[in-house]
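J.: File input11.cif follows (mmCIF, C-alpha atoms):
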data_structure
#
loop_
_atom_site.label_atom_id
_atom_site.label_comp_id
_atom_site.auth_asym_id
_atom_site.auth_seq_id
_atom_site.Cartn_x
_atom_site.Cartn_y
_atom_site.Cartn_z
CA MET A 247 113.08 89.82 37.78
CA ARG A 248 112.84 88.77 41.40
CA ARG A 249 114.37 92.13 42.50
CA VAL A 250 111.87 94.10 40.43
CA LEU A 251 109.04 92.13 42.03
CA LEU A 252 110.44 92.79 45.53
CA VAL A 253 110.73 96.52 44.87
CA ALA A 254 107.19 96.58 43.44
CA LEU A 255 105.91 94.91 46.61
CA LEU A 256 107.84 97.03 49.12
CA LEU A 257 107.59 100.43 47.44
CA PRO A 258 103.93 101.17 48.32
CA ALA A 259 104.56 100.22 51.97
CA ALA A 260 107.67 102.41 52.12
CA LEU A 261 105.80 105.33 50.53
CA ALA A 262 102.92 104.93 52.99
CA LEU A 263 105.35 104.90 55.93
CA GLY A 264 107.10 107.98 54.58
CA ALA A 265 103.80 109.80 54.15
CA ALA A 266 102.75 108.91 57.71
CA ALA A 267 106.05 110.18 59.09
CA ALA A 268 105.78 113.42 57.11
CA SER A 269 102.14 114.19 57.99
CA PRO A 270 101.72 116.53 60.96
CA PRO A 271 100.39 115.01 64.20
CA SER A 272 96.70 115.49 64.94
CA ALA A 273 95.76 117.71 67.89
CA ALA A 274 92.74 115.50 68.63
CA GLU A 275 94.87 112.37 68.84
CA LEU A 276 97.43 114.04 71.07
CA GLU A 277 94.72 115.42 73.36
CA ALA A 278 93.42 111.86 73.80
CA GLU A 279 96.91 110.61 74.71
CA LEU A 280 97.83 113.29 77.25
CA VAL A 281 96.49 113.85 80.76
CA CYS A 282 95.54 117.09 82.49
CA PRO A 283 97.81 117.28 85.59
CA VAL A 284 95.06 118.91 87.68
CA CYS A 285 91.93 116.84 86.94
CA GLU A 286 93.82 113.73 85.74
CA THR A 287 91.52 113.03 82.79
CA THR A 288 92.72 113.17 79.19
CA LEU A 289 92.94 116.66 77.73
CA ASP A 290 90.03 116.08 75.36
CA GLN A 291 87.83 115.44 78.42
CA SER A 292 89.03 118.43 80.41
CA ASN A 293 88.37 122.14 80.34
CA ALA A 294 90.56 122.99 83.35
CA PRO A 295 92.64 126.15 82.78
CA VAL A 296 95.91 124.22 82.64
CA ALA A 297 94.37 121.73 80.18
CA GLU A 298 93.34 124.63 77.94
CA ARG A 299 96.92 125.96 78.10
CA MET A 300 98.25 122.52 77.17
CA LYS A 301 95.84 122.29 74.21
CA ALA A 302 96.99 125.72 73.01
CA PHE A 303 100.62 124.58 73.40
CA ILE A 304 99.94 121.45 71.32
CA ARG A 305 98.34 123.49 68.50
CA GLU A 306 101.23 125.96 68.62
CA ARG A 307 103.84 123.20 68.39
CA ILE A 308 101.99 121.43 65.54
CA ALA A 309 101.95 124.73 63.64
CA ALA A 310 105.68 125.08 64.32
CA GLY A 311 106.25 121.66 62.69
CA ASP A 312 107.06 119.56 65.77
CA SER A 313 106.52 115.81 65.62
CA GLU A 314 104.17 113.96 67.97
CA GLN A 315 107.13 112.68 69.99
CA GLU A 316 108.71 116.14 70.27
CA ILE A 317 105.44 117.58 71.60
CA LYS A 318 105.06 114.76 74.12
CA ASP A 319 108.68 115.15 75.23
CA ALA A 320 108.19 118.90 75.71
CA LEU A 321 105.11 118.33 77.90
CA VAL A 322 106.86 115.61 79.91
CA ALA A 323 109.74 118.07 80.49
CA GLU A 324 107.22 120.52 82.00
CA PHE A 325 104.77 118.27 83.85
CA GLY A 326 106.59 114.94 84.27
CA PRO A 327 105.78 111.50 82.81
CA GLY A 328 102.36 111.55 84.52
CA VAL A 329 100.98 113.56 81.56
CA LEU A 330 101.24 110.50 79.31
CA ALA A 331 97.94 108.61 79.28
CA ARG A 332 99.85 105.47 78.27
CA PRO A 333 102.97 104.80 80.34
CA PRO A 334 106.26 104.70 78.39
CA GLN A 335 107.24 101.25 77.07
CA GLY A 336 110.58 101.28 78.82
CA GLY A 337 112.21 101.78 82.21
CA PHE A 338 109.83 101.92 85.17
CA GLY A 339 106.87 102.50 82.83
CA LEU A 340 107.43 99.00 81.43
CA LEU A 341 106.09 97.61 84.73
CA ALA A 342 102.64 99.00 83.93
CA TRP A 343 102.60 96.86 80.78
CA LEU A 344 104.23 93.75 82.26
CA LEU A 345 102.36 93.51 85.58
CA PRO A 346 98.89 92.86 84.04
CA LEU A 347 100.44 90.20 81.79
CA ALA A 348 102.19 88.63 84.79
CA ALA A 349 98.92 88.71 86.77
CA LEU A 350 97.10 87.07 83.84
CA ALA A 351 99.75 84.35 83.54
CA GLY A 352 99.72 83.82 87.33
CA GLY A 353 95.92 83.54 87.32
CA GLY A 354 96.03 81.04 84.44
CA ILE A 355 98.62 78.86 86.21
CA ALA A 356 96.61 79.00 89.46
CA ALA A 357 93.43 77.98 87.58
CA ILE A 358 95.20 75.04 85.92
CA LEU A 359 96.61 73.86 89.26
CA LEU A 360 93.21 74.11 90.94
CA VAL A 361 91.41 72.23 88.16
CA ARG A 362 94.04 69.49 88.27
CA ALA A 363 93.76 69.24 92.06
CA TRP A 364 89.95 69.04 91.93
CA SER A 365 89.88 66.44 89.13
CA ARG A 366 92.29 64.20 91.07
CA ARG A 367 90.29 64.52 94.28
CA ARG A 368 87.06 63.28 92.56
CA GLY A 369 88.71 60.14 91.11
CA PRO A 370 87.50 58.11 88.08
CA LEU A 371 83.76 57.84 87.42
CA GLU A 372 82.22 54.57 88.65
CA PRO A 373 79.42 52.80 86.65
CA GLU A 374 75.90 53.36 87.97
CA PRO A 375 74.48 50.35 89.86
CA PRO A 376 71.79 48.46 87.87
CA LEU A 377 68.12 49.18 88.61
CA ALA A 378 66.19 46.72 90.73
CA PRO A 379 64.19 44.30 88.45
CA GLU A 380 60.83 45.46 89.86
CA LEU A 381 61.70 49.14 89.25
CA GLU A 382 62.98 48.39 85.74
CA ARG A 383 59.70 46.59 84.89
CA ARG A 384 57.66 49.58 86.12
CA VAL A 385 59.76 52.01 84.11
CA ASP A 386 59.27 49.90 80.95
CA GLU A 387 55.50 49.79 81.58
CA GLU A 388 55.32 53.56 82.06
CA LEU A 389 57.34 54.18 78.91
CA ALA A 390 55.17 51.79 76.88
CA ARG A 391 52.01 53.56 78.13
CA PHE A 392 53.47 56.95 77.38
CA GLU A 393 54.53 56.01 73.85
CA GLY A 394 51.39 53.94 73.08
CA MET B 186 98.74 67.07 96.18
CA ALA B 187 95.20 68.51 96.54
CA ARG B 188 95.96 69.55 100.11
CA ARG B 189 99.16 71.22 98.94
CA ALA B 190 97.32 73.09 96.17
CA ARG B 191 94.70 74.26 98.67
CA LEU B 192 97.44 75.47 101.05
CA VAL B 193 99.16 77.33 98.19
CA GLY B 194 95.82 78.92 97.21
CA GLN B 195 95.16 80.01 100.78
CA GLY B 196 98.70 81.37 101.07
CA VAL B 197 98.27 83.42 97.87
CA ALA B 198 94.90 84.79 99.06
CA ILE B 199 96.34 85.79 102.46
CA GLY B 200 99.35 87.35 100.73
CA LEU B 201 97.06 89.42 98.50
CA VAL B 202 95.03 90.66 101.48
CA VAL B 203 98.26 91.62 103.33
CA LEU B 204 99.48 93.42 100.20
CA LEU B 205 96.21 95.38 99.91
CA PHE B 206 96.43 96.41 103.59
CA ALA B 207 100.05 97.50 103.06
CA LEU B 208 98.95 99.63 100.08
CA LEU B 209 96.16 101.18 102.15
CA ALA B 210 98.59 101.98 105.00
CA TRP B 211 101.08 103.46 102.53
CA SER B 212 98.44 105.71 100.95
CA LEU B 213 97.34 106.86 104.42
CA VAL B 214 100.93 107.70 105.37
CA ARG B 215 101.40 109.54 102.08
CA SER B 216 98.29 111.66 102.63
CA GLU B 217 99.56 112.61 106.10
CA GLY B 218 100.56 115.97 104.59
CA GLY B 219 96.90 116.97 104.66
CA ASP B 220 97.18 117.09 108.42
CA LEU B 221 99.83 119.84 108.36
CA ALA B 222 97.26 122.64 108.23
CA ALA B 223 95.07 120.94 110.87
CA ALA B 224 98.06 120.36 113.19
CA ALA B 225 99.16 123.99 112.80
CA ALA B 226 95.58 125.10 113.60
CA ARG B 227 95.75 123.05 116.84
CA GLY B 228 98.86 124.98 117.83
CA GLU B 229 101.28 122.17 117.05
CA ARG B 230 104.30 122.87 114.90
CA PRO B 231 104.64 119.95 112.46
CA ARG B 232 107.88 119.73 110.49
CA ALA B 233 107.58 121.09 106.95
CA PRO B 234 108.52 118.47 104.31
CA GLY B 235 111.82 119.32 102.65
CA PHE B 236 112.40 119.81 98.93
CA THR B 237 115.04 120.81 96.43
CA LEU B 238 113.55 122.48 93.36
CA GLU B 239 114.66 124.33 90.24
CA ARG B 240 114.55 128.12 90.54
CA LEU B 241 112.60 130.15 88.01
CA ASP B 242 113.83 133.58 89.07
CA ARG B 243 117.46 132.69 88.47
CA GLU B 244 119.74 129.74 87.61
CA GLY B 245 120.14 126.83 90.01
CA GLU B 246 118.08 125.14 92.69
CA LEU B 247 116.70 126.04 96.08
CA ARG B 248 116.80 123.65 99.02
CA LEU B 249 114.20 124.44 101.67
CA GLU B 250 116.61 123.33 104.40
CA SER B 251 119.07 126.03 103.26
CA LEU B 252 116.61 128.63 104.63
CA ARG B 253 116.84 127.33 108.21
CA GLY B 254 117.28 130.26 110.60
CA GLN B 255 114.82 132.36 108.60
CA VAL B 256 111.05 132.57 108.72
CA VAL B 257 109.68 131.21 105.43
CA VAL B 258 106.35 132.16 103.86
CA LEU B 259 105.87 129.28 101.42
CA ASN B 260 103.20 130.09 98.83
CA PHE B 261 101.89 127.41 96.42
CA TRP B 262 100.58 128.97 93.21
CA ALA B 263 100.10 128.57 89.45
CA SER B 264 99.87 131.19 86.72
CA TRP B 265 96.40 129.97 85.63
CA CYS B 266 94.99 130.36 89.17
CA ILE B 267 92.86 133.49 89.40
CA PRO B 268 93.05 134.05 93.21
CA CYS B 269 96.85 133.75 92.92
CA LYS B 270 96.84 136.86 90.72
CA GLU B 271 95.01 138.84 93.37
CA GLU B 272 97.27 137.59 96.15
CA ALA B 273 100.67 138.01 94.45
CA PRO B 274 101.08 141.80 95.00
CA TYR B 275 100.33 141.39 98.72
CA LEU B 276 102.98 138.66 99.09
CA GLU B 277 105.50 140.95 97.35
CA ARG B 278 104.62 143.65 99.89
CA ILE B 279 105.13 141.23 102.81
CA TRP B 280 108.53 140.24 101.36
CA ARG B 281 109.66 143.84 100.97
CA GLU B 282 108.42 144.86 104.43
CA HIS B 283 109.87 141.93 106.37
CA ARG B 284 112.95 140.70 104.49
CA GLU B 285 115.28 142.75 106.71
CA ARG B 286 113.80 140.95 109.73
CA GLY B 287 114.76 137.48 108.47
CA VAL B 288 111.57 136.66 106.59
CA VAL B 289 111.77 135.10 103.12
CA VAL B 290 108.78 134.57 100.85
CA VAL B 291 109.17 131.54 98.54
CA GLY B 292 106.76 131.07 95.65
CA LEU B 293 106.32 127.43 94.63
CA ASP B 294 104.81 127.26 91.14
CA ALA B 295 103.29 123.85 90.34
CA LYS B 296 101.37 122.17 87.48
CA ASP B 297 102.25 125.01 85.19
CA PHE B 298 104.38 125.90 82.17
CA ARG B 299 107.72 127.50 83.06
CA ARG B 300 107.23 130.29 80.55
CA ASP B 301 103.73 131.09 81.90
CA ALA B 302 105.14 131.19 85.43
CA ARG B 303 107.98 133.52 84.34
CA ALA B 304 105.48 135.79 82.57
CA PHE B 305 103.39 135.89 85.78
CA VAL B 306 106.48 136.81 87.84
CA ARG B 307 107.32 139.64 85.42
CA ARG B 308 103.73 140.87 85.21
CA TYR B 309 103.33 141.17 88.99
CA GLY B 310 106.90 142.35 89.60
CA LEU B 311 107.69 139.56 92.05
CA THR B 312 111.22 139.74 93.43
CA PHE B 313 111.13 136.92 96.00
CA PRO B 314 112.56 133.45 95.20
CA ILE B 315 110.38 131.33 92.90
CA VAL B 316 110.80 127.58 92.54
CA TYR B 317 109.22 125.26 89.99
CA ASP B 318 107.53 121.89 90.53
CA GLY B 319 105.84 121.11 87.20
CA PRO B 320 104.62 117.60 88.14
CA GLY B 321 103.43 118.90 91.54
CA ASP B 322 105.30 116.27 93.60
CA THR B 323 105.51 118.53 96.66
CA LEU B 324 101.74 119.12 96.78
CA SER B 325 100.82 115.79 98.40
CA ALA B 326 103.59 116.14 100.99
CA TYR B 327 102.01 119.43 102.14
CA GLY B 328 98.45 118.23 101.57
CA VAL B 329 97.84 121.00 99.04
CA THR B 330 94.64 120.34 97.12
CA GLY B 331 94.20 123.68 95.34
CA PHE B 332 95.87 127.01 94.67
CA PRO B 333 96.85 129.18 96.39
CA GLU B 334 97.88 127.74 99.76
CA THR B 335 100.44 129.32 102.06
CA PHE B 336 102.48 127.95 104.96
CA VAL B 337 104.44 130.03 107.49
CA LEU B 338 107.50 128.15 108.74
CA ASP B 339 109.51 129.11 111.81
CA PRO B 340 113.36 129.26 111.73
CA ASP B 341 113.47 125.53 112.63
CA GLY B 342 111.42 124.61 109.55
CA ARG B 343 108.18 123.91 111.44
CA VAL B 344 104.73 124.97 110.27
CA VAL B 345 103.32 127.78 112.41
CA GLU B 346 100.27 128.66 110.31
CA ALA B 347 98.60 127.50 107.12
CA PHE B 348 96.26 129.37 104.77
CA ILE B 349 93.95 127.44 102.45
CA GLY B 350 93.00 129.85 99.66
CA ALA B 351 94.16 133.39 99.00
CA ILE B 352 95.26 135.74 101.77
CA ASP B 353 92.97 138.48 100.54
CA THR B 354 90.84 139.59 103.48
CA ASP B 355 91.76 141.80 106.43
CA PRO B 356 91.34 138.94 108.97
CA ASP B 357 93.59 136.68 106.86
CA ARG B 358 96.21 139.41 106.55
CA ALA B 359 96.09 140.04 110.30
CA ARG B 360 96.50 136.28 110.86
CA LEU B 361 99.54 136.24 108.55
CA ARG B 362 101.18 139.14 110.36
CA ALA B 363 100.48 137.48 113.74
CA ALA B 364 101.96 134.22 112.44
CA LEU B 365 105.10 136.06 111.29
CA GLU B 366 105.53 137.58 114.74
CA ARG B 367 105.03 134.15 116.38
CA ALA B 368 107.50 132.55 114.01
CA LEU B 369 110.02 135.33 114.66
CA GLY B 370 109.61 134.58 118.37
CA ARG B 371 108.12 137.91 119.30
#
Could I get this structure in the form of structure tokens?
T.:
Amino acid sequence: MRRVLLVALLLPAALALGAAAASPPSAAELEAELVCPVCETTLDQSNAPVAERMKAFIRERIAAGDSEQEIKDALVAEFGPGVLARPPQGGFGLLAWLLPLAALAGGGIAAILLVRAWSRRRGPLEPEPPLAPELERRVDEELARFEG
Amino acid sequence: MARRARLVGQGVAIGLVVLLFALLAWSLVRSEGGDLAAAAARGERPRAPGFTLERLDREGELRLESLRGQVVVLNFWASWCIPCKEEAPYLERIWREHRERGVVVVGLDAKDFRRDARAFVRRYGLTFPIVYDGPGDTLSAYGVTGFPETFVLDPDGRVVEAFIGAIDTDPDRARLRAALERALGR
């Protein structure tokens, strides 16, 4: 019974994954993820001659049944990894993902250290000295007049 | 402790400023290639940056240094560049006229599809060596900002003359022929 339940739960997810893998890549999505090597904007933002050639190549490869990764690999083989709008998540490209995280962590640690240093420098709060009796009497009078 | 934290903070800030200056200096050194054409125009002969690139006209690679002893007409082009189409037949003529005198024309195709470049070579009947630099890594070294650009190198690999844009007017063609004679030492 437990197995049947597990299959019933996992089957829709597996079918969805299979359908996603089988569906052809979208030209619009690929054009947003690839960069024109001349104007260095994404292909969907560029009408440079080489960008138009790249768009035609993408449509041609989609029609030929290539996957998204195969199309990207083919363009990297022609123009180098600089055509990928997002750097690869491995090798040297990994640095582009890790450096901002490292900078964020470094900034956070620096902020914590600074706050700790400042809070220690100020020391504990001391109680306010009491008001002089004459001043306290005048304040009470003013408050009574204001409220009355 | 507070004093130490302040010192660390100051050290980090100074380090960041030094790093930014180093990056600025590096980018300036990298863009030095842009001065090649200007230096050649002043009559200096700056050294042409070397490269080893895949050949499109045949199998294998071509190393610029392997052409030492010959005058090189190095032409940067791409198949999608319209002025390159007008210039290509003239470069073929220069190659045919001067190859026996130790002049070699090298076409450097960049930011282009290999198959488009090969189709261009066939269409214009180019017979001189063609190399391929898809990512365009050599462009910054030569300070190339558009296509076509052409550099005439003497037998020692130094830039004698540079042409920004197509060599398609009589004065430009006369300047190219004069540069070839200068590079040949005549």
J.: The PyMOL selection byres ((chain A and resi 321-326) around 7) on the file shown: which residues, as a PyMOL selection string?
T.: (chain A and resi 317-320+327-329) or (chain B and resi 296+298+319-320)
J.: Name every residue that the PyMOL selection byres ((chain B) within 12 of (chain A)) selects in this structure, writing the answer as a count of residues only with chains first and numbers rising.
T.: 39
J.: Counting all atoms listed in the file, which residue out of B:Ala273, B:Val290, B:Val202, B:Ala224 sits closest to Ile315 (chain B)?
T.: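 Closest to Ile315 (chain B), using all atoms listed in the file: B:Val290.
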J.: How many Å separate CA of Glu316 (chain A) from CA of Ala304 (chain B)?
T.: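 The value is 23.4 Å.
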J.: Would you compute the distance between CA of Thr335 (chain B) and CA of Leu361 (chain B)? Give it in Å to one decimal.
T.: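 Rounded to one decimal, the two atoms are 9.5 Å apart.
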J.: For the provided coordinates, the residues matched by the PyMOL selection byres ((chain B and resi 274) around 12) should be stated as a PDB file with C-alpha atoms, keeping the file's coordinate frame.
T.:
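The resulting out12.pdb:
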ATOM      1  CA  PRO B 268      93.050 134.050  93.210  1.00  0.00           C
ATOM      2  CA  CYS B 269      96.850 133.750  92.920  1.00  0.00           C
ATOM      3  CA  LYS B 270      96.840 136.860  90.720  1.00  0.00           C
ATOM      4  CA  GLU B 271      95.010 138.840  93.370  1.00  0.00           C
ATOM      5  CA  GLU B 272      97.270 137.590  96.150  1.00  0.00           C
ATOM      6  CA  ALA B 273     100.670 138.010  94.450  1.00  0.00           C
ATOM      7  CA  TYR B 275     100.330 141.390  98.720  1.00  0.00           C
ATOM      8  CA  LEU B 276     102.980 138.660  99.090  1.00  0.00           C
ATOM      9  CA  GLU B 277     105.500 140.950  97.350  1.00  0.00           C
ATOM     10  CA  ARG B 278     104.620 143.650  99.890  1.00  0.00           C
ATOM     11  CA  ILE B 279     105.130 141.230 102.810  1.00  0.00           C
ATOM     12  CA  TRP B 280     108.530 140.240 101.360  1.00  0.00           C
ATOM     13  CA  ARG B 281     109.660 143.840 100.970  1.00  0.00           C
ATOM     14  CA  PHE B 305     103.390 135.890  85.780  1.00  0.00           C
ATOM     15  CA  VAL B 306     106.480 136.810  87.840  1.00  0.00           C
ATOM     16  CA  ARG B 307     107.320 139.640  85.420  1.00  0.00           C
ATOM     17  CA  ARG B 308     103.730 140.870  85.210  1.00  0.00           C
ATOM     18  CA  TYR B 309     103.330 141.170  88.990  1.00  0.00           C
ATOM     19  CA  GLY B 310     106.900 142.350  89.600  1.00  0.00           C
ATOM     20  CA  LEU B 311     107.690 139.560  92.050  1.00  0.00           C
ATOM     21  CA  THR B 312     111.220 139.740  93.430  1.00  0.00           C
ATOM     22  CA  PHE B 313     111.130 136.920  96.000  1.00  0.00           C
ATOM     23  CA  ALA B 351      94.160 133.390  99.000  1.00  0.00           C
ATOM     24  CA  ILE B 352      95.260 135.740 101.770  1.00  0.00           C
ATOM     25  CA  ASP B 353      92.970 138.480 100.540  1.00  0.00           C
TER      26      ASP B 353
END
J.: For CA of Ala359 (chain B) and CA of Leu249 (chain B), quote the distance in Å rounded to one decimal.
T.: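 Computing it gives 25.4 Å between the two atoms.
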J.: Show me, as a list of chain:residue names, the residues that have an atom within 8 Å of Pro231 (chain B) when counting all atoms listed in the file, minus same-chain residues fewer than 5 positions from it.
T.: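 Close residues of Pro231 (chain B): B:Leu221, B:Ala224, B:Ala225, B:Arg343, B:Val344, B:Val345.
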J.: Around the point (103.5, 123.7, 99.5) (coordinates from the file), which residues reach within 8 Å if we count only C-alpha atoms? Answer as an MDAnalysis selection string.
T.: chainID B and resid 259:261 293 323:324 326:329 334:336
J.: From (101.8, 115.6, 66.7), in the file's coordinates, out to 10 Å: which residues are reached, counting all atoms listed in the file? Answer as JSON, numbers by chain.
T.: {"A": [269, 270, 271, 272, 273, 274, 275, 276, 277, 304, 305, 307, 308, 309, 311, 312, 313, 314, 315, 316, 317, 318]}
J.: Any chance you could export the current selection's C-alpha atoms as a PDB file, keeping the file's coordinate frame?
T.:
ATOM      1  CA  SER A 269     102.140 114.190  57.990  1.00  0.00           C
ATOM      2  CA  PRO A 270     101.720 116.530  60.960  1.00  0.00           C
ATOM      3  CA  PRO A 271     100.390 115.010  64.200  1.00  0.00           C
ATOM      4  CA  SER A 272      96.700 115.490  64.940  1.00  0.00           C
ATOM      5  CA  ALA A 273      95.760 117.710  67.890  1.00  0.00           C
ATOM      6  CA  ALA A 274      92.740 115.500  68.630  1.00  0.00           C
ATOM      7  CA  GLU A 275      94.870 112.370  68.840  1.00  0.00           C
ATOM      8  CA  LEU A 276      97.430 114.040  71.070  1.00  0.00           C
ATOM      9  CA  GLU A 277      94.720 115.420  73.360  1.00  0.00           C
ATOM     10  CA  ILE A 304      99.940 121.450  71.320  1.00  0.00           C
ATOM     11  CA  ARG A 305      98.340 123.490  68.500  1.00  0.00           C
ATOM     12  CA  ARG A 307     103.840 123.200  68.390  1.00  0.00           C
ATOM     13  CA  ILE A 308     101.990 121.430  65.540  1.00  0.00           C
ATOM     14  CA  ALA A 309     101.950 124.730  63.640  1.00  0.00           C
ATOM     15  CA  GLY A 311     106.250 121.660  62.690  1.00  0.00           C
ATOM     16  CA  ASP A 312     107.060 119.560  65.770  1.00  0.00           C
ATOM     17  CA  SER A 313     106.520 115.810  65.620  1.00  0.00           C
ATOM     18  CA  GLU A 314     104.170 113.960  67.970  1.00  0.00           C
ATOM     19  CA  GLN A 315     107.130 112.680  69.990  1.00  0.00           C
ATOM     20  CA  GLU A 316     108.710 116.140  70.270  1.00  0.00           C
ATOM     21  CA  ILE A 317     105.440 117.580  71.600  1.00  0.00           C
ATOM     22  CA  LYS A 318     105.060 114.760  74.120  1.00  0.00           C
TER      23      LYS A 318
END
